[in-house]
file structure11.cif (mmCIF, C-alpha atoms and all ligand atoms)
data_my_file
#
loop_
_atom_site.group_PDB
_atom_site.id
_atom_site.type_symbol
_atom_site.label_atom_id
_atom_site.label_comp_id
_atom_site.auth_asym_id
_atom_site.auth_seq_id
_atom_site.Cartn_x
_atom_site.Cartn_y
_atom_site.Cartn_z
ATOM 1 C CA MET W 3 0.000 0.000 0.000
ATOM 2 C CA PRO W 4 1.456 3.385 -1.006
ATOM 3 C CA THR W 5 1.960 5.781 1.896
ATOM 4 C CA GLY W 6 2.168 9.548 2.085
ATOM 5 C CA LEU W 7 0.772 10.156 -1.399
ATOM 6 C CA GLY W 8 -0.398 13.697 -0.711
ATOM 7 C CA GLU W 9 -3.422 15.344 -2.295
ATOM 8 C CA PHE W 10 -2.445 14.918 -5.941
ATOM 9 C CA GLY W 11 -1.085 11.439 -5.377
ATOM 10 C CA ARG W 12 -4.333 10.346 -3.771
ATOM 11 C CA ILE W 13 -6.362 11.779 -6.638
ATOM 12 C CA ARG W 14 -4.136 10.043 -9.199
ATOM 13 C CA GLU W 15 -3.993 6.753 -7.304
ATOM 14 C CA PHE W 16 -7.492 6.372 -5.894
ATOM 15 C CA PHE W 17 -9.940 8.733 -7.560
ATOM 16 C CA ALA W 18 -8.835 9.159 -11.198
ATOM 17 C CA PRO W 19 -9.618 5.451 -11.872
ATOM 18 C CA LEU W 20 -13.216 6.205 -10.826
ATOM 19 C CA ALA W 21 -13.621 9.042 -13.341
ATOM 20 C CA GLY W 22 -16.223 8.766 -16.083
ATOM 21 C CA PRO W 23 -15.741 10.251 -19.579
ATOM 22 C CA GLY W 24 -17.143 13.640 -18.519
ATOM 23 C CA GLY W 25 -14.615 13.710 -15.678
ATOM 24 C CA LEU W 26 -11.753 13.963 -18.198
ATOM 25 C CA GLY W 27 -9.529 11.823 -15.975
ATOM 26 C CA LEU W 28 -9.791 14.498 -13.263
ATOM 27 C CA ILE W 29 -6.962 16.424 -14.936
ATOM 28 C CA ASP W 30 -8.949 19.447 -16.157
ATOM 29 C CA ASP W 31 -10.360 22.345 -14.169
ATOM 30 C CA ALA W 32 -13.965 21.205 -14.473
ATOM 31 C CA ALA W 33 -16.133 18.416 -15.817
ATOM 32 C CA LEU W 34 -18.199 18.405 -19.008
ATOM 33 C CA VAL W 35 -21.726 17.056 -18.746
ATOM 34 C CA ASP W 36 -23.993 16.272 -21.666
ATOM 35 C CA CYS W 37 -27.728 16.648 -21.285
ATOM 36 C CA PRO W 38 -29.882 15.333 -24.128
ATOM 37 C CA ALA W 39 -32.459 17.700 -25.615
ATOM 38 C CA GLY W 40 -35.769 17.524 -23.783
ATOM 39 C CA HIS W 41 -34.127 16.348 -20.578
ATOM 40 C CA ARG W 42 -33.157 18.154 -17.393
ATOM 41 C CA LEU W 43 -30.318 17.560 -14.974
ATOM 42 C CA VAL W 44 -31.388 16.606 -11.465
ATOM 43 C CA VAL W 45 -28.813 17.656 -8.859
ATOM 44 C CA THR W 46 -28.555 16.885 -5.159
ATOM 45 C CA ALA W 47 -25.878 17.113 -2.442
ATOM 46 C CA ASP W 48 -25.323 15.591 0.975
ATOM 47 C CA ALA W 49 -22.531 16.087 3.497
ATOM 48 C CA ILE W 50 -21.596 13.903 6.456
ATOM 49 C CA VAL W 51 -19.380 14.733 9.428
ATOM 50 C CA ALA W 52 -17.301 12.255 11.439
ATOM 51 C CA GLY W 53 -18.686 11.891 14.941
ATOM 52 C CA VAL W 54 -22.077 13.229 13.828
ATOM 53 C CA HIS W 55 -23.254 11.157 10.818
ATOM 54 C CA PHE W 56 -20.677 8.377 10.931
ATOM 55 C CA LEU W 57 -18.006 7.165 13.305
ATOM 56 C CA PRO W 58 -14.271 7.544 12.595
ATOM 57 C CA ASP W 59 -13.838 3.781 13.002
ATOM 58 C CA ASP W 60 -16.723 2.816 10.705
ATOM 59 C CA PRO W 61 -15.499 0.724 7.735
ATOM 60 C CA PRO W 62 -14.426 3.339 5.129
ATOM 61 C CA ASP W 63 -15.903 1.405 2.196
ATOM 62 C CA LEU W 64 -19.307 1.374 3.878
ATOM 63 C CA VAL W 65 -19.068 5.093 4.711
ATOM 64 C CA ALA W 66 -18.400 5.780 1.026
ATOM 65 C CA ARG W 67 -21.182 3.564 -0.221
ATOM 66 C CA LYS W 68 -23.758 5.014 2.169
ATOM 67 C CA LEU W 69 -22.757 8.569 1.217
ATOM 68 C CA LEU W 70 -23.174 7.742 -2.463
ATOM 69 C CA ARG W 71 -26.370 5.788 -1.930
ATOM 70 C CA VAL W 72 -28.229 8.453 0.038
ATOM 71 C CA ASN W 73 -27.616 10.791 -2.887
ATOM 72 C CA LEU W 74 -28.733 8.178 -5.429
ATOM 73 C CA SER W 75 -31.858 7.782 -3.301
ATOM 74 C CA ASP W 76 -32.591 11.503 -3.637
ATOM 75 C CA ILE W 77 -32.165 11.285 -7.421
ATOM 76 C CA ALA W 78 -34.561 8.302 -7.519
ATOM 77 C CA ALA W 79 -37.026 10.201 -5.331
ATOM 78 C CA MET W 80 -37.428 12.754 -8.143
ATOM 79 C CA GLY W 81 -38.147 9.939 -10.605
ATOM 80 C CA ALA W 82 -34.733 10.461 -12.222
ATOM 81 C CA ARG W 83 -31.886 8.208 -13.337
ATOM 82 C CA PRO W 84 -28.450 8.752 -11.706
ATOM 83 C CA LEU W 85 -25.441 9.523 -13.921
ATOM 84 C CA TYR W 86 -22.492 11.144 -12.174
ATOM 85 C CA TYR W 87 -21.229 12.473 -8.884
ATOM 86 C CA LEU W 88 -18.702 14.913 -7.470
ATOM 87 C CA LEU W 89 -16.917 14.271 -4.200
ATOM 88 C CA THR W 90 -15.288 16.698 -1.784
ATOM 89 C CA THR W 91 -13.364 15.399 1.197
ATOM 90 C CA ALA W 92 -11.938 17.376 4.125
ATOM 91 C CA LEU W 93 -9.836 14.901 6.087
ATOM 92 C CA PRO W 94 -7.683 15.250 9.204
ATOM 93 C CA THR W 95 -4.036 14.732 8.289
ATOM 94 C CA ALA W 96 -3.937 11.663 10.559
ATOM 95 C CA TRP W 97 -6.327 9.818 8.212
ATOM 96 C CA ASP W 98 -3.871 7.851 6.096
ATOM 97 C CA ASP W 99 -3.796 6.700 2.511
ATOM 98 C CA ASP W 100 -5.100 3.307 3.550
ATOM 99 C CA TRP W 101 -8.355 4.878 4.772
ATOM 100 C CA VAL W 102 -8.698 6.747 1.464
ATOM 101 C CA ALA W 103 -7.907 3.590 -0.528
ATOM 102 C CA ARG W 104 -10.627 1.650 1.265
ATOM 103 C CA PHE W 105 -13.050 4.566 0.876
ATOM 104 C CA ALA W 106 -12.367 4.694 -2.875
ATOM 105 C CA HIS W 107 -12.770 0.923 -3.086
ATOM 106 C CA GLY W 108 -16.302 1.281 -1.710
ATOM 107 C CA LEU W 109 -17.082 3.902 -4.334
ATOM 108 C CA ALA W 110 -15.754 1.647 -7.105
ATOM 109 C CA GLU W 111 -17.963 -1.176 -5.891
ATOM 110 C CA ASP W 112 -21.105 0.959 -6.012
ATOM 111 C CA GLN W 113 -20.176 2.614 -9.306
ATOM 112 C CA ARG W 114 -20.315 -0.848 -10.835
ATOM 113 C CA GLN W 115 -23.579 -1.651 -9.101
ATOM 114 C CA PHE W 116 -25.401 1.572 -9.978
ATOM 115 C CA GLY W 117 -23.752 2.605 -13.256
ATOM 116 C CA VAL W 118 -22.556 6.018 -12.088
ATOM 117 C CA ALA W 119 -19.128 7.652 -12.395
ATOM 118 C CA LEU W 120 -17.069 10.277 -10.604
ATOM 119 C CA ILE W 121 -16.563 13.496 -12.551
ATOM 120 C CA GLY W 122 -14.839 15.818 -10.094
ATOM 121 C CA GLY W 123 -14.596 17.320 -6.643
ATOM 122 C CA ASP W 124 -11.919 18.461 -4.265
ATOM 123 C CA SER W 125 -9.851 17.161 -1.386
ATOM 124 C CA VAL W 126 -8.508 19.305 1.432
ATOM 125 C CA ALA W 127 -6.928 18.764 4.832
ATOM 126 C CA THR W 128 -8.654 19.941 7.998
ATOM 127 C CA GLY W 129 -7.809 20.423 11.661
ATOM 128 C CA GLY W 130 -11.410 19.553 12.516
ATOM 129 C CA PRO W 131 -13.404 16.358 12.081
ATOM 130 C CA ALA W 132 -13.582 14.672 8.673
ATOM 131 C CA VAL W 133 -16.281 16.080 6.390
ATOM 132 C CA LEU W 134 -17.363 14.237 3.251
ATOM 133 C CA SER W 135 -19.620 15.917 0.716
ATOM 134 C CA LEU W 136 -21.075 14.273 -2.361
ATOM 135 C CA THR W 137 -23.074 15.893 -5.159
ATOM 136 C CA ALA W 138 -24.993 13.582 -7.489
ATOM 137 C CA LEU W 139 -26.341 14.382 -10.947
ATOM 138 C CA GLY W 140 -29.118 12.548 -12.708
ATOM 139 C CA GLU W 141 -31.333 13.144 -15.683
ATOM 140 C CA ILE W 142 -35.022 13.100 -16.370
ATOM 141 C CA GLU W 143 -37.254 13.870 -19.291
ATOM 142 C CA SER W 144 -38.588 17.402 -18.839
ATOM 143 C CA GLY W 145 -41.978 17.361 -17.151
ATOM 144 C CA LYS W 146 -41.603 13.805 -15.818
ATOM 145 C CA GLU W 147 -40.073 14.827 -12.495
ATOM 146 C CA ILE W 148 -42.012 13.741 -9.415
ATOM 147 C CA ARG W 149 -42.112 16.434 -6.764
ATOM 148 C CA ARG W 150 -43.407 16.535 -3.197
ATOM 149 C CA SER W 151 -46.186 18.952 -4.015
ATOM 150 C CA GLY W 152 -48.437 16.827 -6.257
ATOM 151 C CA ALA W 153 -50.461 14.789 -3.743
ATOM 152 C CA LEU W 154 -54.266 15.094 -3.994
ATOM 153 C CA PRO W 155 -57.063 14.095 -1.579
ATOM 154 C CA GLY W 156 -58.147 10.561 -2.406
ATOM 155 C CA ASP W 157 -54.617 9.423 -3.339
ATOM 156 C CA VAL W 158 -53.309 6.200 -1.869
ATOM 157 C CA VAL W 159 -50.057 6.469 0.127
ATOM 158 C CA TRP W 160 -47.476 3.804 -0.789
ATOM 159 C CA VAL W 161 -44.069 2.850 0.517
ATOM 160 C CA SER W 162 -41.477 0.496 -0.961
ATOM 161 C CA GLY W 163 -39.663 -2.227 0.984
ATOM 162 C CA THR W 164 -39.858 -2.296 4.769
ATOM 163 C CA ILE W 165 -39.580 0.484 7.337
ATOM 164 C CA GLY W 166 -37.827 0.856 10.682
ATOM 165 C CA ASP W 167 -34.941 -1.511 9.905
ATOM 166 C CA ALA W 168 -32.204 1.137 9.867
ATOM 167 C CA PHE W 169 -33.446 2.700 13.094
ATOM 168 C CA LEU W 170 -33.290 -0.734 14.731
ATOM 169 C CA GLY W 171 -29.907 -1.455 13.124
ATOM 170 C CA LEU W 172 -28.335 1.632 14.682
ATOM 171 C CA ALA W 173 -29.809 0.715 18.073
ATOM 172 C CA ALA W 174 -28.540 -2.855 17.625
ATOM 173 C CA LEU W 175 -25.048 -1.512 16.871
ATOM 174 C CA ARG W 176 -25.251 0.238 20.227
ATOM 175 C CA GLY W 177 -26.191 -2.999 21.971
ATOM 176 C CA ALA W 178 -29.993 -2.797 22.022
ATOM 177 C CA TYR W 179 -32.364 -5.628 21.050
ATOM 178 C CA ALA W 180 -29.971 -8.196 22.478
ATOM 179 C CA ALA W 181 -32.703 -10.856 22.277
ATOM 180 C CA LEU W 182 -32.678 -10.863 18.454
ATOM 181 C CA VAL W 183 -30.959 -13.821 16.823
ATOM 182 C CA PRO W 184 -27.573 -12.959 15.201
ATOM 183 C CA GLU W 185 -28.942 -13.191 11.631
ATOM 184 C CA GLN W 186 -31.660 -10.655 12.434
ATOM 185 C CA ARG W 187 -29.221 -8.297 14.140
ATOM 186 C CA ALA W 188 -26.885 -8.545 11.147
ATOM 187 C CA TYR W 189 -29.764 -7.880 8.753
ATOM 188 C CA LEU W 190 -30.838 -4.740 10.628
ATOM 189 C CA ILE W 191 -27.268 -3.421 10.942
ATOM 190 C CA ASP W 192 -26.756 -3.976 7.219
ATOM 191 C CA ARG W 193 -29.948 -2.040 6.491
ATOM 192 C CA TYR W 194 -28.542 0.843 8.558
ATOM 193 C CA ARG W 195 -25.050 0.799 7.083
ATOM 194 C CA LEU W 196 -25.906 0.008 3.485
ATOM 195 C CA PRO W 197 -29.239 1.434 2.340
ATOM 196 C CA GLN W 198 -30.661 0.222 -0.969
ATOM 197 C CA PRO W 199 -31.515 3.262 -3.091
ATOM 198 C CA ARG W 200 -34.548 2.422 -5.217
ATOM 199 C CA VAL W 201 -32.940 3.504 -8.479
ATOM 200 C CA ALA W 202 -35.096 1.256 -10.671
ATOM 201 C CA LEU W 203 -38.369 2.059 -8.940
ATOM 202 C CA GLY W 204 -38.014 5.859 -8.964
ATOM 203 C CA PRO W 205 -37.936 6.361 -12.751
ATOM 204 C CA ALA W 206 -40.556 3.613 -13.213
ATOM 205 C CA LEU W 207 -43.026 5.661 -11.176
ATOM 206 C CA ALA W 208 -42.973 8.555 -13.649
ATOM 207 C CA GLY W 209 -46.548 8.982 -14.844
ATOM 208 C CA ILE W 210 -47.862 6.944 -11.887
ATOM 209 C CA ALA W 211 -46.854 8.722 -8.670
ATOM 210 C CA ARG W 212 -48.216 12.208 -8.026
ATOM 211 C CA ALA W 213 -45.868 13.061 -5.161
ATOM 212 C CA MET W 214 -42.744 11.301 -3.918
ATOM 213 C CA LEU W 215 -39.725 11.500 -1.643
ATOM 214 C CA ASP W 216 -37.305 9.101 -0.037
ATOM 215 C CA VAL W 217 -37.668 8.267 3.648
ATOM 216 C CA SER W 218 -34.679 9.711 5.485
ATOM 217 C CA ASP W 219 -36.115 11.515 8.530
ATOM 218 C CA GLY W 220 -38.689 8.816 9.340
ATOM 219 C CA LEU W 221 -41.812 7.747 7.467
ATOM 220 C CA LEU W 222 -44.294 9.927 9.379
ATOM 221 C CA ALA W 223 -42.093 13.039 9.330
ATOM 222 C CA ASP W 224 -41.369 12.595 5.637
ATOM 223 C CA LEU W 225 -45.028 12.057 4.805
ATOM 224 C CA GLY W 226 -45.565 15.315 6.665
ATOM 225 C CA HIS W 227 -43.194 16.976 4.173
ATOM 226 C CA ILE W 228 -45.369 15.726 1.286
ATOM 227 C CA CYS W 229 -48.514 16.946 3.073
ATOM 228 C CA ASP W 230 -47.000 20.393 3.734
ATOM 229 C CA ALA W 231 -45.814 20.783 0.145
ATOM 230 C CA SER W 232 -49.120 19.500 -1.275
ATOM 231 C CA ARG W 233 -51.344 21.303 1.284
ATOM 232 C CA VAL W 234 -53.148 18.089 2.204
ATOM 233 C CA ALA W 235 -53.437 15.700 5.179
ATOM 234 C CA ALA W 236 -52.623 11.986 5.408
ATOM 235 C CA ARG W 237 -53.940 9.049 7.428
ATOM 236 C CA VAL W 238 -51.657 6.034 7.874
ATOM 237 C CA ALA W 239 -52.888 2.646 9.103
ATOM 238 C CA ALA W 240 -50.321 1.319 11.584
ATOM 239 C CA PRO W 241 -51.237 -2.353 10.928
ATOM 240 C CA ALA W 242 -50.463 -1.817 7.230
ATOM 241 C CA LEU W 243 -46.873 -0.657 7.781
ATOM 242 C CA PRO W 244 -44.526 -3.163 6.096
ATOM 243 C CA LEU W 245 -42.033 -4.669 8.562
ATOM 244 C CA SER W 246 -39.185 -7.085 7.977
ATOM 245 C CA ASP W 247 -39.173 -10.309 9.986
ATOM 246 C CA ALA W 248 -36.343 -8.864 12.067
ATOM 247 C CA ALA W 249 -38.245 -5.643 12.779
ATOM 248 C CA ALA W 250 -41.343 -7.617 13.742
ATOM 249 C CA ALA W 251 -39.227 -9.796 16.026
ATOM 250 C CA SER W 252 -37.791 -6.709 17.729
ATOM 251 C CA GLY W 253 -41.149 -6.083 19.384
ATOM 252 C CA GLU W 254 -40.689 -2.355 18.831
ATOM 253 C CA GLU W 255 -43.898 -0.317 18.510
ATOM 254 C CA ARG W 256 -44.993 0.533 14.983
ATOM 255 C CA ALA W 257 -45.284 4.209 15.875
ATOM 256 C CA ARG W 258 -41.591 4.172 16.800
ATOM 257 C CA LEU W 259 -40.551 2.322 13.630
ATOM 258 C CA ALA W 260 -42.504 4.835 11.544
ATOM 259 C CA SER W 261 -40.624 7.651 13.287
ATOM 260 C CA GLY W 262 -37.080 6.275 12.927
ATOM 261 C CA GLY W 263 -34.970 7.503 10.029
ATOM 262 C CA ASP W 264 -32.573 6.260 7.379
ATOM 263 C CA ASP W 265 -34.926 3.853 5.588
ATOM 264 C CA TYR W 266 -34.214 5.269 2.120
ATOM 265 C CA GLU W 267 -37.369 3.677 0.810
ATOM 266 C CA LEU W 268 -39.570 5.589 -1.626
ATOM 267 C CA LEU W 269 -42.767 7.057 -0.188
ATOM 268 C CA PHE W 270 -45.274 8.205 -2.785
ATOM 269 C CA THR W 271 -48.909 8.930 -3.472
ATOM 270 C CA ALA W 272 -50.937 7.763 -6.466
ATOM 271 C CA PRO W 273 -54.602 7.750 -7.469
ATOM 272 C CA PRO W 274 -56.512 4.538 -6.576
ATOM 273 C CA ALA W 275 -56.775 3.735 -10.301
ATOM 274 C CA ALA W 276 -52.987 3.222 -10.384
ATOM 275 C CA THR W 277 -53.101 0.341 -7.879
ATOM 276 C CA GLU W 278 -52.932 -2.426 -10.473
ATOM 277 C CA ARG W 279 -49.967 -0.801 -12.272
ATOM 278 C CA ILE W 280 -48.126 -0.413 -8.972
ATOM 279 C CA ASN W 281 -48.741 -4.051 -8.050
ATOM 280 C CA ARG W 282 -47.401 -5.144 -11.447
ATOM 281 C CA LEU W 283 -44.354 -2.901 -11.001
ATOM 282 C CA SER W 284 -43.788 -4.408 -7.563
ATOM 283 C CA ALA W 285 -43.831 -7.900 -9.055
ATOM 284 C CA SER W 286 -41.538 -7.022 -11.971
ATOM 285 C CA LEU W 287 -38.971 -5.359 -9.688
ATOM 286 C CA ALA W 288 -39.332 -8.044 -7.005
ATOM 287 C CA LEU W 289 -39.726 -5.195 -4.530
ATOM 288 C CA PRO W 290 -42.656 -5.090 -2.108
ATOM 289 C CA MET W 291 -44.815 -1.985 -2.346
ATOM 290 C CA THR W 292 -47.444 -1.468 0.298
ATOM 291 C CA ALA W 293 -50.488 0.798 0.443
ATOM 292 C CA ILE W 294 -50.321 2.261 3.949
ATOM 293 C CA GLY W 295 -52.842 5.077 3.947
ATOM 294 C CA THR W 296 -54.732 7.806 2.163
ATOM 295 C CA ILE W 297 -54.404 11.488 1.388
ATOM 296 C CA GLU W 298 -57.224 13.676 2.750
ATOM 297 C CA HIS W 299 -58.257 17.303 2.880
ATOM 298 C CA GLY W 300 -56.699 19.246 5.728
ATOM 299 C CA SER W 301 -53.203 19.207 7.175
ATOM 300 C CA GLY W 302 -50.930 16.938 9.176
ATOM 301 C CA VAL W 303 -50.342 13.184 9.386
ATOM 302 C CA ARG W 304 -52.368 10.852 11.607
ATOM 303 C CA LEU W 305 -51.348 7.295 12.489
ATOM 304 C CA VAL W 306 -54.381 5.115 13.291
ATOM 305 C CA ASP W 307 -54.886 1.586 14.640
ATOM 306 C CA ALA W 308 -57.067 -1.177 13.167
ATOM 307 C CA GLU W 309 -60.191 0.447 14.666
ATOM 308 C CA GLY W 310 -59.323 3.835 13.203
ATOM 309 C CA ASN W 311 -58.316 5.331 16.555
ATOM 310 C CA GLU W 312 -55.442 7.757 16.452
ATOM 311 C CA ILE W 313 -52.131 6.528 17.891
ATOM 312 C CA ALA W 314 -50.053 9.102 19.745
ATOM 313 C CA VAL W 315 -46.650 9.532 18.136
ATOM 314 C CA ALA W 316 -43.663 10.875 20.038
ATOM 315 C CA ALA W 317 -41.471 13.477 18.317
ATOM 316 C CA ALA W 318 -40.057 12.240 15.015
ATOM 317 C CA GLY W 319 -36.783 10.362 15.012
ATOM 318 C CA TYR W 320 -33.584 12.158 15.838
ATOM 319 C CA ARG W 321 -30.703 12.629 13.407
ATOM 320 C CA HIS W 322 -28.112 10.044 14.267
ATOM 321 C CA PHE W 323 -24.745 8.711 13.193
HETATM 322 MG MG MG K 401 -34.497 12.928 0.264
#
call {"tool": "encode", "arguments": {"input": "structure11.cif", "output": "structure tokens"}}
result
Amino acid sequence: MPTGLGEFGRIREFFAPLAGPGGLGLIDDAALVDCPAGHRLVVTADAIVAGVHFLPDDPPDLVARKLLRVNLSDIAAMGARPLYYLLTTALPTAWDDDWVARFAHGLAEDQRQFGVALIGGDSVATGGPAVLSLTALGEIESGKEIRRSGALPGDVVWVSGTIGDAFLGLAALRGAYAALVPEQRAYLIDRYRLPQPRVALGPALAGIARAMLDVSDGLLADLGHICDASRVAARVAAPALPLSDAAAASGEERARLASGGDDYELLFTAPPAATERINRLSASLALPMTAIGTIEHGSGVRLVDAEGNEIAVAAAGYRHF
């Protein structure tokens, strides 16, 4: 393993091999990005800080992959297809080339999996904690973008996959839920460390979903964002919330699982007439999609039990590592 490469050495050694055609081998001052006529670029950015959003001793490849994936999730949440990303790192000088090599290895792994490429960024040294910032670019046909503001009363509320796993995974990492069997603990921790951005589902929902976002703050809080933007209310049936076997085995209350963050599932609304198309899409993608509630006139989000009685929900999940 090379040591003491310095900024330019690290770029040449670890990041230039990740560069896509528009990145020009990372030797020019800026990247060149094509955008086909009739399409728009979709751009999003996310930054994470050591000790706040990840731990300095977290596996670097997983830190990289999660950072990339949360951005790919945001691209998917607009109904767009991911293309490229830029990466800026501010690292303490004590973080050695080996950490950067393993970080870049994680990026390479996910570039292959998701068909995206690095096109630029910056790397600086810092006396403070490590800060990693990633900007992702995607594309979408003009007018096909799915925003948060399109929900209408009468829409069905849907969510992909299962919810609450990442919240439980973080707690399990900290020693909670000790009664779970090792396979279930490992599953939940993996769901926390390595979210699955729904990159195939997002674009497939163009023309079907009226409003969409990805669940990062917690299902109920994020549905609240859709309701605010769309000026509507929502009612969610707690028994309908899709849970993994491990989440069900945790015994945690559904209200808590619907308030925990980091699911990175897609939450969207669609008219009832779209139900059959959504079920077919679910089957073709081999990804569960569950109708969990309805959009109504008014404001706010209510969680109800099987009898329709409102369930009190504590404050939405906190931001965690
Ligand atoms: Mg988002």
call {"tool": "atom_distance", "arguments": {"input": "structure11.cif", "atom1": "atom CA of Ala206 of chain W", "atom2": "atom CA of Arg282 of chain W"}}
result
11.3 Å
call {"tool": "closest_residue", "arguments": {"input": "structure11.cif", "among": "W:Leu225, W:Leu207, W:Leu93, W:Leu28", "to": "ligand MG 401 (chain K)", "atoms": "only C-alpha atoms and all ligand atoms"}}
result
W:Leu225
call {"tool": "residues_near_ligand", "arguments": {"input": "structure11.cif", "ligand": "ligand MG 401 (chain K)", "cutoff": "9 Å", "atoms": "all atoms listed in the file", "output": "list in words"}}
result
Thr46, Val72, Asn73, Ser75, Asp76, Ile77, Ala79, Met80, Leu215, Asp216, Val217, Ser218, Asp219, Asp224 and Tyr266 of chain W
call {"tool": "resolve_selection", "arguments": {"input": "structure11.cif", "expression": "the PyMOL selection byres (((chain W and resi 268) around 12) and not hetatm)", "output": "number ranges by chain"}}
result
W: 72, 74-81, 148, 150, 159-165, 197-207, 211, 213-218, 220-221, 224-225, 264-267, 269-271, 289-292
call {"tool": "residues_around", "arguments": {"input": "structure11.cif", "residues": "Leu64 of chain W", "least_positions_apart": "3", "cutoff": "9 Å", "atoms": "all atoms listed in the file", "output": "number ranges by chain"}}
result
W: 60-61, 67-69, 105, 108-109, 195-196
call {"tool": "residues_around", "arguments": {"input": "structure11.cif", "residues": "Asp124 of chain W", "least_positions_apart": "6", "cutoff": "10 Å", "atoms": "only C-alpha atoms", "output": "list in words"}}
result
Glu9, Ile13, Leu88, Leu89, Thr90, Thr91, Ala92 and Ser135 of chain W
call {"tool": "resolve_selection", "arguments": {"input": "structure11.cif", "expression": "the PyMOL selection byres (((chain W and resi 251) around 10) and not hetatm)", "output": "list in words"}}
result
Tyr179, Ala181, Leu182, Val183, Gln186, Leu245, Ser246, Asp247, Ala248, Ala249, Ala250, Ser252, Gly253 and Glu254 of chain W
